[in-house]
Amino acid sequence: MTIDLNQFPKVSLGHLPTPIERLDRLSEHLGGPEIWIKRDDCTGLAFGGNKTRKLEFLLGDARSKGSTDIVTFGALQSNHVRQTIAACAKTGFTCHAILTDIVPHEEAAYRQSGNLLLDRMSTASVNILPSADAASAKLKEITASLDNDKSAYVIPPGGSSPMGVLGYIAAAVEIGQQAKELDLTFDAIVSASATGGTQVGLTLGGQQGAHSAPVYGANVYHTDPAAFEERIEKLADDVCESFGVSRQPQFQHVHGFVGEGYGLPTPAMKKAVSTTFQLEGVLLDPVYTGKGMAGLFDMCRKRVFTDKDKILFVHTGGSPGLFAYQEAMT
Ligand SMILES: Cc1ncc(COP(=O)(O)O)c(C=O)c1O
């Protein structure tokens with residue numbers, strides 16, 4: 001049984017389909033395979049990114065339930081929160097952002113610029129909390145403070161609820177259609193993975209016939225690979241249970257690129273960001289896509305793919321984060 005995406009209410013947010021481009025100079029630099037890129041950094045909503053697709057379904061669900069307010073979470077430089085704030089601005093929801101100050105990156109710009117600057121330019125309430133416990137308490141406080149004719153819709157970190165994952169099942173369908181139009185077959189899809197919605201959606205989309213490529217999720221989130229894999233499995237189970245579909249558990253993970261922790265720069269990330277910019281003019285980001293691309297570079301070096309393989313890197317956005325890592329990136 002497949003998930004019929006048309007049965008779910010949506011709001012329209014993205015410039016879709018996003019382009020797929022071949023990165024000739026990067027492919028040549030790596031000595032093969034053929035690298036292609038899916039430009040989900042160009043979804044059009046406040047610097048774009050992967051959350052736009054998830055939010056189309058999440059805000060559609062919130063609207064159908066009569067919610068007036070959206071509450072969501074992230075780290076101080078969350079791309080998810082920036083896009084949620086922008087999506088709420090466009091659709092008229094009141095947005096409450098709960099940012100947890102958990103990344104020990106000590107440069108001034110991290111607390112002033114990048115995504116946080118954009119959050120502060122909005123009308124959303126931006127609440128900065130020191131721990132996960134304090135963030136939970138803030139959530140309770142916000143929901144309790146809403147009066148009777150208002151109701152909150154809570155979006156988990158990264159928008160990775162089953163509803164949010166639908167956005168990347170839809171992306172898998174889009175990739176399948178574009179591959180057909182380009183008259184090619186991708187041999188693998190690679191993307192950065194953190195809360196898992198992107199990886200799970202692309203993988204389940206493939207399982208449902210949208211494409212035939214294995215999907216590699218590059219873990220940029222957990223220093224413990226087992227904890228990361230467990231999270232992905234759990235999310236996939238939740239999605240399949242919510243929508244009444246069965247699954248074969250076929251997740252492919254790439255480990256070794258988180259470095260010392262989520263949000264902390266690594267030499268391989270810096271190299272991947274600068275090489276991709278210098279050869280292709282494409283801006284990655286320091287937290288997600290830079291580490292994901294570092295994983296792909298390593299797979300190419302280790303000859304995981306043949307020279308003729310066509311590999312699709314999904315650019316999930318995040319470039320505003322570069323401005324929060326000025327010292328680290330220069
Ligand atoms: C730019 C960017 N890329 C990738 C990811 C990872 O996506 P997911 O949380 O769906 O695994 C995120 C968010 O977490 C992100 O902001």
# chains A, B, ... in the order shown; residues from 1 in each chain; ligands from 1
>>> residues_around(residues="segment 54-66 of chain A", least_positions_apart="2", cutoff="6 Å", atoms="only C-alpha atoms", output="PyMOL selection string")
chain A and resi 9-12+51-52+153+163-164+167
>>> residues_near_ligand(ligand="ligand 1", cutoff="7 Å", atoms="only C-alpha atoms and all ligand atoms", output="short mmCIF file (atom, residue, chain, number, x, y, z; two decimals) with N, CA and C atoms, in the first residue's frame")
data_model
loop_
_atom_site.label_atom_id
_atom_site.label_comp_id
_atom_site.auth_asym_id
_atom_site.auth_seq_id
_atom_site.Cartn_x
_atom_site.Cartn_y
_atom_site.Cartn_z
N GLY A 49 15.31 26.02 1.81
CA GLY A 49 15.77 24.89 2.61
C GLY A 49 14.71 23.80 2.73
N ASN A 50 15.13 22.70 3.34
CA ASN A 50 14.27 21.51 3.33
C ASN A 50 13.00 21.63 4.17
N SER A 78 18.85 27.59 14.32
CA SER A 78 17.99 26.63 13.61
C SER A 78 17.47 27.17 12.28
N ASN A 79 17.73 26.41 11.22
CA ASN A 79 17.14 26.74 9.92
C ASN A 79 15.65 26.42 9.92
N HIS A 80 15.31 25.38 10.65
CA HIS A 80 13.90 24.98 10.75
C HIS A 80 13.06 26.11 11.36
N GLY A 158 13.03 20.25 13.81
CA GLY A 158 13.27 19.81 12.43
C GLY A 158 12.01 19.51 11.65
N SER A 160 10.14 17.07 12.02
CA SER A 160 10.15 15.64 11.69
C SER A 160 9.09 14.85 12.44
N ALA A 192 22.30 15.33 3.94
CA ALA A 192 22.60 15.46 5.37
C ALA A 192 21.36 15.01 6.13
N SER A 193 21.59 14.41 7.29
CA SER A 193 20.46 13.91 8.08
C SER A 193 20.66 14.27 9.55
N ALA A 194 19.59 14.78 10.15
CA ALA A 194 19.68 15.16 11.57
C ALA A 194 18.47 14.63 12.32
N THR A 195 17.34 15.31 12.22
CA THR A 195 16.13 14.77 12.88
C THR A 195 15.50 13.65 12.04
N GLY A 196 15.98 13.48 10.81
CA GLY A 196 15.65 12.28 10.04
C GLY A 196 14.53 12.40 9.02
N GLY A 197 13.75 13.49 9.07
CA GLY A 197 12.59 13.59 8.19
C GLY A 197 12.95 13.53 6.71
N THR A 198 14.05 14.14 6.36
CA THR A 198 14.45 14.17 4.96
C THR A 198 14.86 12.77 4.50
N GLN A 199 15.72 12.14 5.28
CA GLN A 199 16.21 10.79 4.94
C GLN A 199 15.06 9.77 4.91
N ASP A 285 26.35 24.88 3.91
CA ASP A 285 26.29 25.49 5.24
C ASP A 285 27.19 24.72 6.20
N TYR A 288 25.04 21.38 8.42
CA TYR A 288 24.37 20.23 7.80
C TYR A 288 25.00 19.86 6.45
N THR A 289 24.76 20.70 5.45
CA THR A 289 25.14 20.30 4.09
C THR A 289 26.66 20.24 3.91
N THR A 316 19.98 20.70 1.16
CA THR A 316 18.83 20.95 2.04
C THR A 316 18.83 22.38 2.61
N GLY A 317 19.73 23.22 2.15
CA GLY A 317 19.69 24.64 2.55
C GLY A 317 20.67 24.97 3.66
N GLY A 318 20.35 26.03 4.41
CA GLY A 318 21.14 26.38 5.60
C GLY A 318 22.17 27.47 5.42
#
>>> select_by_dssp(residues="segment 165-245 of chain A", states="strand (DSSP E or B)", output="PyMOL selection string")
chain A and resi 188-193+215-219
>>> write_last_selection(atoms="C-alpha atoms", output="PDB file, in the first residue's frame")
ATOM      1  CA  ALA A 188      22.357   6.979  -5.252  1.00  0.00           C
ATOM      2  CA  ILE A 189      20.911   9.926  -3.364  1.00  0.00           C
ATOM      3  CA  VAL A 190      22.908  11.545  -0.558  1.00  0.00           C
ATOM      4  CA  SER A 191      21.702  14.107   1.956  1.00  0.00           C
ATOM      5  CA  ALA A 192      22.596  15.463   5.366  1.00  0.00           C
ATOM      6  CA  SER A 193      20.460  13.914   8.079  1.00  0.00           C
ATOM      7  CA  VAL A 215      19.364   6.962  -0.087  1.00  0.00           C
ATOM      8  CA  TYR A 216      22.393   7.688   2.109  1.00  0.00           C
ATOM      9  CA  GLY A 217      21.732   9.856   5.150  1.00  0.00           C
ATOM     10  CA  ALA A 218      24.914  11.508   6.384  1.00  0.00           C
ATOM     11  CA  ASN A 219      24.608  11.748  10.147  1.00  0.00           C
TER      12      ASN A 219
END
>>> residues_around(residues="Leu117 of chain A", least_positions_apart="6", cutoff="12 Å", atoms="only C-alpha atoms", output="NGL selection string")
:A and (76-79 or 81-82 or 109-111 or 126 or 320-321 or 323-324)
>>> write_last_selection(atoms="C-alpha atoms", output="tab-separated table (two decimals), in the first residue's frame")
chain	number	residue	atom	x	y	z
A	76	LEU	CA	20.02	28.95	18.37
A	77	GLN	CA	20.90	28.84	14.67
A	78	SER	CA	17.99	26.63	13.61
A	79	ASN	CA	17.14	26.74	9.92
A	81	VAL	CA	12.82	27.78	13.08
A	82	ARG	CA	13.74	30.49	10.56
A	109	ALA	CA	28.29	36.08	15.41
A	110	TYR	CA	26.69	32.80	16.51
A	111	ARG	CA	24.55	34.78	18.98
A	126	VAL	CA	11.71	34.23	20.18
A	320	PRO	CA	22.32	31.79	6.38
A	321	GLY	CA	24.19	29.76	8.99
A	323	PHE	CA	27.12	34.23	8.78
A	324	ALA	CA	27.01	32.77	12.27
>>> closest_residue(among="A:Asp4, A:Glu141, A:Asp41, A:Asp147", to="Pro17 of chain A", atoms="only C-alpha atoms")
A:Asp41
>>> residues_around(residues="Gly206 of chain A", least_positions_apart="5", cutoff="9 Å", atoms="only C-alpha atoms", output="tab-separated table (two decimals) with N, CA and C atoms, in the first residue's frame")
chain	number	residue	atom	x	y	z
A	169	ILE	N	8.53	12.68	1.13
A	169	ILE	CA	7.98	11.64	0.24
A	169	ILE	C	7.59	12.34	-1.06
A	172	ALA	N	10.63	12.96	-3.06
A	172	ALA	CA	11.08	11.73	-3.74
A	172	ALA	C	10.32	11.56	-5.06
A	173	VAL	N	9.03	11.85	-5.02
A	173	VAL	CA	8.21	11.75	-6.24
A	173	VAL	C	8.72	12.78	-7.27
A	176	GLY	N	11.91	11.59	-8.85
A	176	GLY	CA	11.62	10.53	-9.83
A	176	GLY	C	11.13	11.10	-11.15
A	201	GLY	N	11.81	10.35	4.52
A	201	GLY	CA	10.89	10.65	3.42
A	201	GLY	C	11.45	10.21	2.08
A	211	HIS	N	11.44	6.35	-6.91
A	211	HIS	CA	12.76	6.25	-7.56
A	211	HIS	C	13.39	4.94	-7.11
A	212	SER	N	14.50	4.58	-7.74
A	212	SER	CA	15.09	3.28	-7.39
A	212	SER	C	16.46	3.42	-6.70
A	213	ALA	N	16.84	4.64	-6.33
A	213	ALA	CA	18.19	4.85	-5.79
A	213	ALA	C	18.26	4.57	-4.29
A	214	PRO	N	19.36	3.96	-3.82
A	214	PRO	CA	19.56	3.92	-2.37
A	214	PRO	C	19.78	5.34	-1.85
A	215	VAL	N	19.24	5.62	-0.67
A	215	VAL	CA	19.36	6.96	-0.09
A	215	VAL	C	20.34	6.89	1.09
>>> residues_around(residues="His96 of chain A", least_positions_apart="2", cutoff="10 Å", atoms="only C-alpha atoms", output="PDB file with N, CA and C atoms, in the first residue's frame")
ATOM      1  N   ASP A  69      -2.008  29.177  16.459  1.00  0.00           N
ATOM      2  CA  ASP A  69      -0.630  29.438  16.861  1.00  0.00           C
ATOM      3  C   ASP A  69       0.254  28.229  16.580  1.00  0.00           C
ATOM      4  N   ILE A  70       1.463  28.504  16.170  1.00  0.00           N
ATOM      5  CA  ILE A  70       2.432  27.428  15.939  1.00  0.00           C
ATOM      6  C   ILE A  70       3.542  27.582  16.972  1.00  0.00           C
ATOM      7  N   VAL A  71       3.905  26.466  17.594  1.00  0.00           N
ATOM      8  CA  VAL A  71       5.047  26.481  18.514  1.00  0.00           C
ATOM      9  C   VAL A  71       6.076  25.508  17.963  1.00  0.00           C
ATOM     10  N   THR A  72       7.317  25.940  17.860  1.00  0.00           N
ATOM     11  CA  THR A  72       8.333  24.980  17.421  1.00  0.00           C
ATOM     12  C   THR A  72       9.672  25.244  18.095  1.00  0.00           C
ATOM     13  N   PHE A  73      10.608  24.317  17.847  1.00  0.00           N
ATOM     14  CA  PHE A  73      11.866  24.264  18.596  1.00  0.00           C
ATOM     15  C   PHE A  73      13.069  24.192  17.667  1.00  0.00           C
ATOM     16  N   VAL A  81      13.578  26.710  12.417  1.00  0.00           N
ATOM     17  CA  VAL A  81      12.819  27.781  13.078  1.00  0.00           C
ATOM     18  C   VAL A  81      12.708  28.995  12.148  1.00  0.00           C
ATOM     19  N   THR A  84      10.086  28.193   9.651  1.00  0.00           N
ATOM     20  CA  THR A  84       8.747  28.134  10.259  1.00  0.00           C
ATOM     21  C   THR A  84       8.225  29.549  10.498  1.00  0.00           C
ATOM     22  N   ILE A  85       9.103  30.413  10.990  1.00  0.00           N
ATOM     23  CA  ILE A  85       8.703  31.810  11.218  1.00  0.00           C
ATOM     24  C   ILE A  85       8.255  32.435   9.889  1.00  0.00           C
ATOM     25  N   CYS A  88       4.905  31.001   8.781  1.00  0.00           N
ATOM     26  CA  CYS A  88       3.805  31.550   9.585  1.00  0.00           C
ATOM     27  C   CYS A  88       3.494  32.973   9.130  1.00  0.00           C
ATOM     28  N   PHE A  93      -0.297  32.544  10.651  1.00  0.00           N
ATOM     29  CA  PHE A  93      -0.259  31.937  11.987  1.00  0.00           C
ATOM     30  C   PHE A  93       0.599  32.816  12.909  1.00  0.00           C
ATOM     31  N   THR A  94       0.299  32.766  14.208  1.00  0.00           N
ATOM     32  CA  THR A  94       1.195  33.376  15.197  1.00  0.00           C
ATOM     33  C   THR A  94       2.261  32.340  15.537  1.00  0.00           C
ATOM     34  N   ILE A  98      11.011  28.394  20.238  1.00  0.00           N
ATOM     35  CA  ILE A  98      11.741  28.056  21.473  1.00  0.00           C
ATOM     36  C   ILE A  98      13.138  27.578  21.051  1.00  0.00           C
ATOM     37  N   LEU A  99      14.119  28.410  21.312  1.00  0.00           N
ATOM     38  CA  LEU A  99      15.484  28.084  20.883  1.00  0.00           C
ATOM     39  C   LEU A  99      16.291  27.625  22.091  1.00  0.00           C
ATOM     40  N   THR A 123       7.902  38.947  13.620  1.00  0.00           N
ATOM     41  CA  THR A 123       6.991  39.237  14.737  1.00  0.00           C
ATOM     42  C   THR A 123       6.829  38.023  15.649  1.00  0.00           C
ATOM     43  N   ALA A 124       7.544  36.940  15.364  1.00  0.00           N
ATOM     44  CA  ALA A 124       7.437  35.737  16.213  1.00  0.00           C
ATOM     45  C   ALA A 124       7.985  36.037  17.601  1.00  0.00           C
ATOM     46  N   SER A 125       7.474  35.317  18.617  1.00  0.00           N
ATOM     47  CA  SER A 125       8.127  35.446  19.925  1.00  0.00           C
ATOM     48  C   SER A 125       9.318  34.487  19.921  1.00  0.00           C
ATOM     49  N   VAL A 126      10.479  35.025  20.214  1.00  0.00           N
ATOM     50  CA  VAL A 126      11.714  34.231  20.175  1.00  0.00           C
ATOM     51  C   VAL A 126      12.194  34.055  21.612  1.00  0.00           C
ATOM     52  N   ASN A 127      12.142  32.804  22.086  1.00  0.00           N
ATOM     53  CA  ASN A 127      12.468  32.495  23.480  1.00  0.00           C
ATOM     54  C   ASN A 127      13.739  31.666  23.522  1.00  0.00           C
ATOM     55  N   LEU A 139       7.321  25.510  26.684  1.00  0.00           N
ATOM     56  CA  LEU A 139       6.214  25.037  25.840  1.00  0.00           C
ATOM     57  C   LEU A 139       4.911  25.017  26.651  1.00  0.00           C
ATOM     58  N   ILE A 142       3.630  28.514  27.236  1.00  0.00           N
ATOM     59  CA  ILE A 142       3.032  29.145  26.040  1.00  0.00           C
ATOM     60  C   ILE A 142       1.634  28.578  25.795  1.00  0.00           C
ATOM     61  N   THR A 143       1.506  27.245  25.836  1.00  0.00           N
ATOM     62  CA  THR A 143       0.189  26.659  25.535  1.00  0.00           C
ATOM     63  C   THR A 143      -0.834  27.061  26.606  1.00  0.00           C
ATOM     64  N   ALA A 152      -2.838  25.857  20.007  1.00  0.00           N
ATOM     65  CA  ALA A 152      -1.469  25.722  19.507  1.00  0.00           C
ATOM     66  C   ALA A 152      -1.282  24.404  18.758  1.00  0.00           C
ATOM     67  N   VAL A 154       1.867  22.079  17.782  1.00  0.00           N
ATOM     68  CA  VAL A 154       3.275  21.967  18.164  1.00  0.00           C
ATOM     69  C   VAL A 154       4.036  21.174  17.101  1.00  0.00           C
TER      70      VAL A 154
END
>>> select_by_dssp(residues="segment 181-303 of chain A", states="alpha helix (DSSP H)", output="number ranges by chain")
A: 181-182, 197-207, 225-243, 267-280, 289-301
>>> closest_residue(among="A:Asp119, A:Gly74, A:Cys240, A:Gln178", to="Pro19 of chain A", atoms="only C-alpha atoms")
A:Gln178
>>> closest_residue(among="A:His253, A:Val282, A:Leu146, A:Ser113", to="Glu230 of chain A", atoms="only C-alpha atoms")
A:His253
>>> residues_around(residues="Lys291 of chain A", least_positions_apart="6", cutoff="9 Å", atoms="only C-alpha atoms", output="VMD selection string")
chain A and resid 192 218 to 220 257 to 259 265 to 266 268 to 270 272 to 273 285
>>> closest_residue(among="A:Cys300, A:Val165, A:Leu284, A:Ala171", to="Lys271 of chain A", atoms="only C-alpha atoms")
A:Leu284
>>> residues_around(residues="Glu28 of chain A", least_positions_apart="3", cutoff="12 Å", atoms="only C-alpha atoms", output="VMD selection string")
chain A and resid 22 to 25 31 to 35 279 to 280 300 307 to 308
>>> closest_residue(among="A:Leu16, A:Ala236, A:Ala135, A:Val254", to="Gly295 of chain A", atoms="only C-alpha atoms")
A:Val254
